[in-house]
Amino acid sequence: MKHPFKLSLFILSFFLLARINSSIAQSKMRPVEELTADTSGWGAFMHATKIARNKFEILPVNPAKANETLYQTQVTTHSIMGAIVYFSGGILIDDGWIRILGSGNEKLDRTLSEWNKGKTFKEFGEKPQFLLVADDVIGGFFAINGGALGPELGKVYYLAPDDLKWESLHIGYSEFIDFCLVGNMDQFYDKLRWKSWRADMTGITGNKGFSIYPFTWTVEGKDIEKDSRKVVPIEEIYRLETDALKQLPITK
């Protein structure tokens, strides 16, 4: 049996060490001035929008929130991701079917950094094993793989709601943005879009999604026209799917 005093010292030391490690991580974080020294990523993104075939909406940015989110994310604006975070509140694709995370807006009231905290990392400055960068209204989630999702490091993986597993799209973040702008959405979402989906999107913000029942990863839920749909917080859908991913035996 451990002595109560020694046990208390052990617990205190553990929490002090955790705090020190957190402080070290914070001290290594680059300032916004350094992260924004090169803003060429935004120019590259805007150039890509010129050939867009899908509808897109660049949400207005709040400068203070952009600074905070970029600092927390620690990505430079030389990159497309950093530029989207810094220069937009997020981007809505195809009437909001896909939501690309930025620094937040009333239409997409989630920032890239805040959405990932507690899901892919605990504290800002930590290197995540994957990073959630976008999602769709039916509960599909896009993430950059840092090692936890599969062998293709740095590639975008998709948690598909119809088979409930992370699958590599074999493309990086910039190519994913290109896909959102010019890709064939009807083909990608084959059998996951119902006839009235566009009309049903009216009034749904980027913090909401369709909870579909029977679940689309089950045999009973494969006919999207017959499934019932309810608008719920996207957080609820993410928790449901990731819990099911861990616990349910998914048969293919």
# chains A, B, ... in the order shown; residues from 1 in each chain; ligands from 1
>>> select_by_dssp(residues="segment 36-245 of chain A", states="strand (DSSP E or B)", output="ChimeraX atom specification")
/A:56-58,90-93,98-102,105,108,111,117,121,130-136,141-145,156-159,166-168,208-213,228-233
>>> residues_around(residues="segment 55-67 of chain A", least_positions_apart="4", cutoff="9 Å", atoms="only C-alpha atoms", output="ChimeraX atom specification")
/A:32,49,71-72,85-96,102-108,111,180-181
>>> closest_residue(among="A:Asn207, A:Met29, A:Arg229, A:Lys119", to="Arg99 of chain A", atoms="only C-alpha atoms")
A:Asn207
>>> closest_atom_pairs(of="segment 55-142 of chain A", to="segment 241-247 of chain A", cutoff="12 Å", atoms="only C-alpha atoms", output="tab-separated table")
residue	atom	partner	partner_atom	distance
A:Lys119	CA	A:Thr242	CA	10.1
A:Thr120	CA	A:Thr242	CA	11.9
A:Ile138	CA	A:Glu241	CA	11.3
A:Gly139	CA	A:Glu241	CA	8.2
A:Gly140	CA	A:Glu241	CA	9.3
A:Phe141	CA	A:Glu241	CA	9.9
>>> select_by_dssp(residues="segment 29-238 of chain A", states="helix (DSSP H, G or I)", output="ChimeraX atom specification")
/A:32-35,40-49,63-73,80-87,112-116,173-182,185-188,197-200,219-221,234-238
>>> closest_residue(among="A:Leu153, A:Ala148, A:Ile80, A:Ile212", to="His47 of chain A", atoms="only C-alpha atoms")
A:Ile80
>>> closest_residue(among="A:Trp166, A:Leu192, A:Ile84, A:Thr202", to="Asp227 of chain A", atoms="only C-alpha atoms")
A:Leu192
>>> closest_residue(among="A:Glu33, A:Asp136, A:Glu175, A:Glu68", to="Ile234 of chain A", atoms="only C-alpha atoms")
A:Asp136
>>> closest_residue(among="A:Leu35, A:Ile100, A:Ala52, A:Ala44", to="Thr73 of chain A", atoms="only C-alpha atoms")
A:Leu35
>>> closest_residue(among="A:Gln129, A:Thr218, A:Ser211, A:Thr77", to="Leu240 of chain A", atoms="only C-alpha atoms")
A:Ser211
>>> atom_distance(atom1="atom CA of Gly147 of chain A", atom2="atom CA of Leu101 of chain A")
21.0 Å
>>> residues_around(residues="Met201 of chain A", least_positions_apart="2", cutoff="10 Å", atoms="only C-alpha atoms", output="VMD selection string")
chain A and resid 95 to 97 137 196 to 199 203 to 205 209 to 210 231
>>> write_last_selection(atoms="N, CA and C atoms", output="CSV table (one decimal), in the first residue's frame")
chain,number,residue,atom,x,y,z
A,95,ASP,N,-24.2,24.9,-52.0
A,95,ASP,CA,-25.3,25.4,-51.2
A,95,ASP,C,-25.1,24.9,-49.7
A,96,GLY,N,-23.8,24.7,-49.3
A,96,GLY,CA,-23.6,24.3,-47.9
A,96,GLY,C,-23.5,22.8,-47.7
A,97,TRP,N,-23.6,22.0,-48.7
A,97,TRP,CA,-23.5,20.6,-48.6
A,97,TRP,C,-22.2,20.2,-47.9
A,137,VAL,N,-23.1,17.7,-44.9
A,137,VAL,CA,-24.4,17.8,-44.1
A,137,VAL,C,-25.0,16.5,-43.8
A,196,SER,N,-34.9,15.8,-53.0
A,196,SER,CA,-35.2,17.1,-52.5
A,196,SER,C,-34.1,17.7,-51.6
A,197,TRP,N,-32.9,17.2,-51.8
A,197,TRP,CA,-31.9,17.6,-50.8
A,197,TRP,C,-31.6,19.0,-50.9
A,198,ARG,N,-31.6,19.6,-52.0
A,198,ARG,CA,-31.2,21.1,-52.1
A,198,ARG,C,-32.2,21.9,-51.5
A,199,ALA,N,-33.5,21.6,-51.7
A,199,ALA,CA,-34.6,22.4,-51.0
A,199,ALA,C,-34.5,22.2,-49.5
A,203,GLY,N,-32.0,27.1,-44.8
A,203,GLY,CA,-32.0,27.4,-43.4
A,203,GLY,C,-31.1,26.6,-42.5
A,204,ILE,N,-30.4,25.6,-43.0
A,204,ILE,CA,-29.5,24.8,-42.2
A,204,ILE,C,-28.1,25.5,-42.2
A,205,THR,N,-27.6,25.8,-41.0
A,205,THR,CA,-26.3,26.4,-40.8
A,205,THR,C,-25.2,25.3,-40.8
A,209,GLY,N,-26.6,19.2,-39.2
A,209,GLY,CA,-26.5,18.2,-40.3
A,209,GLY,C,-27.7,17.3,-40.2
A,210,PHE,N,-27.9,16.4,-41.2
A,210,PHE,CA,-29.0,15.5,-41.2
A,210,PHE,C,-28.6,14.2,-40.5
A,231,VAL,N,-32.8,17.2,-38.5
A,231,VAL,CA,-31.7,18.2,-38.4
A,231,VAL,C,-31.2,18.2,-37.0
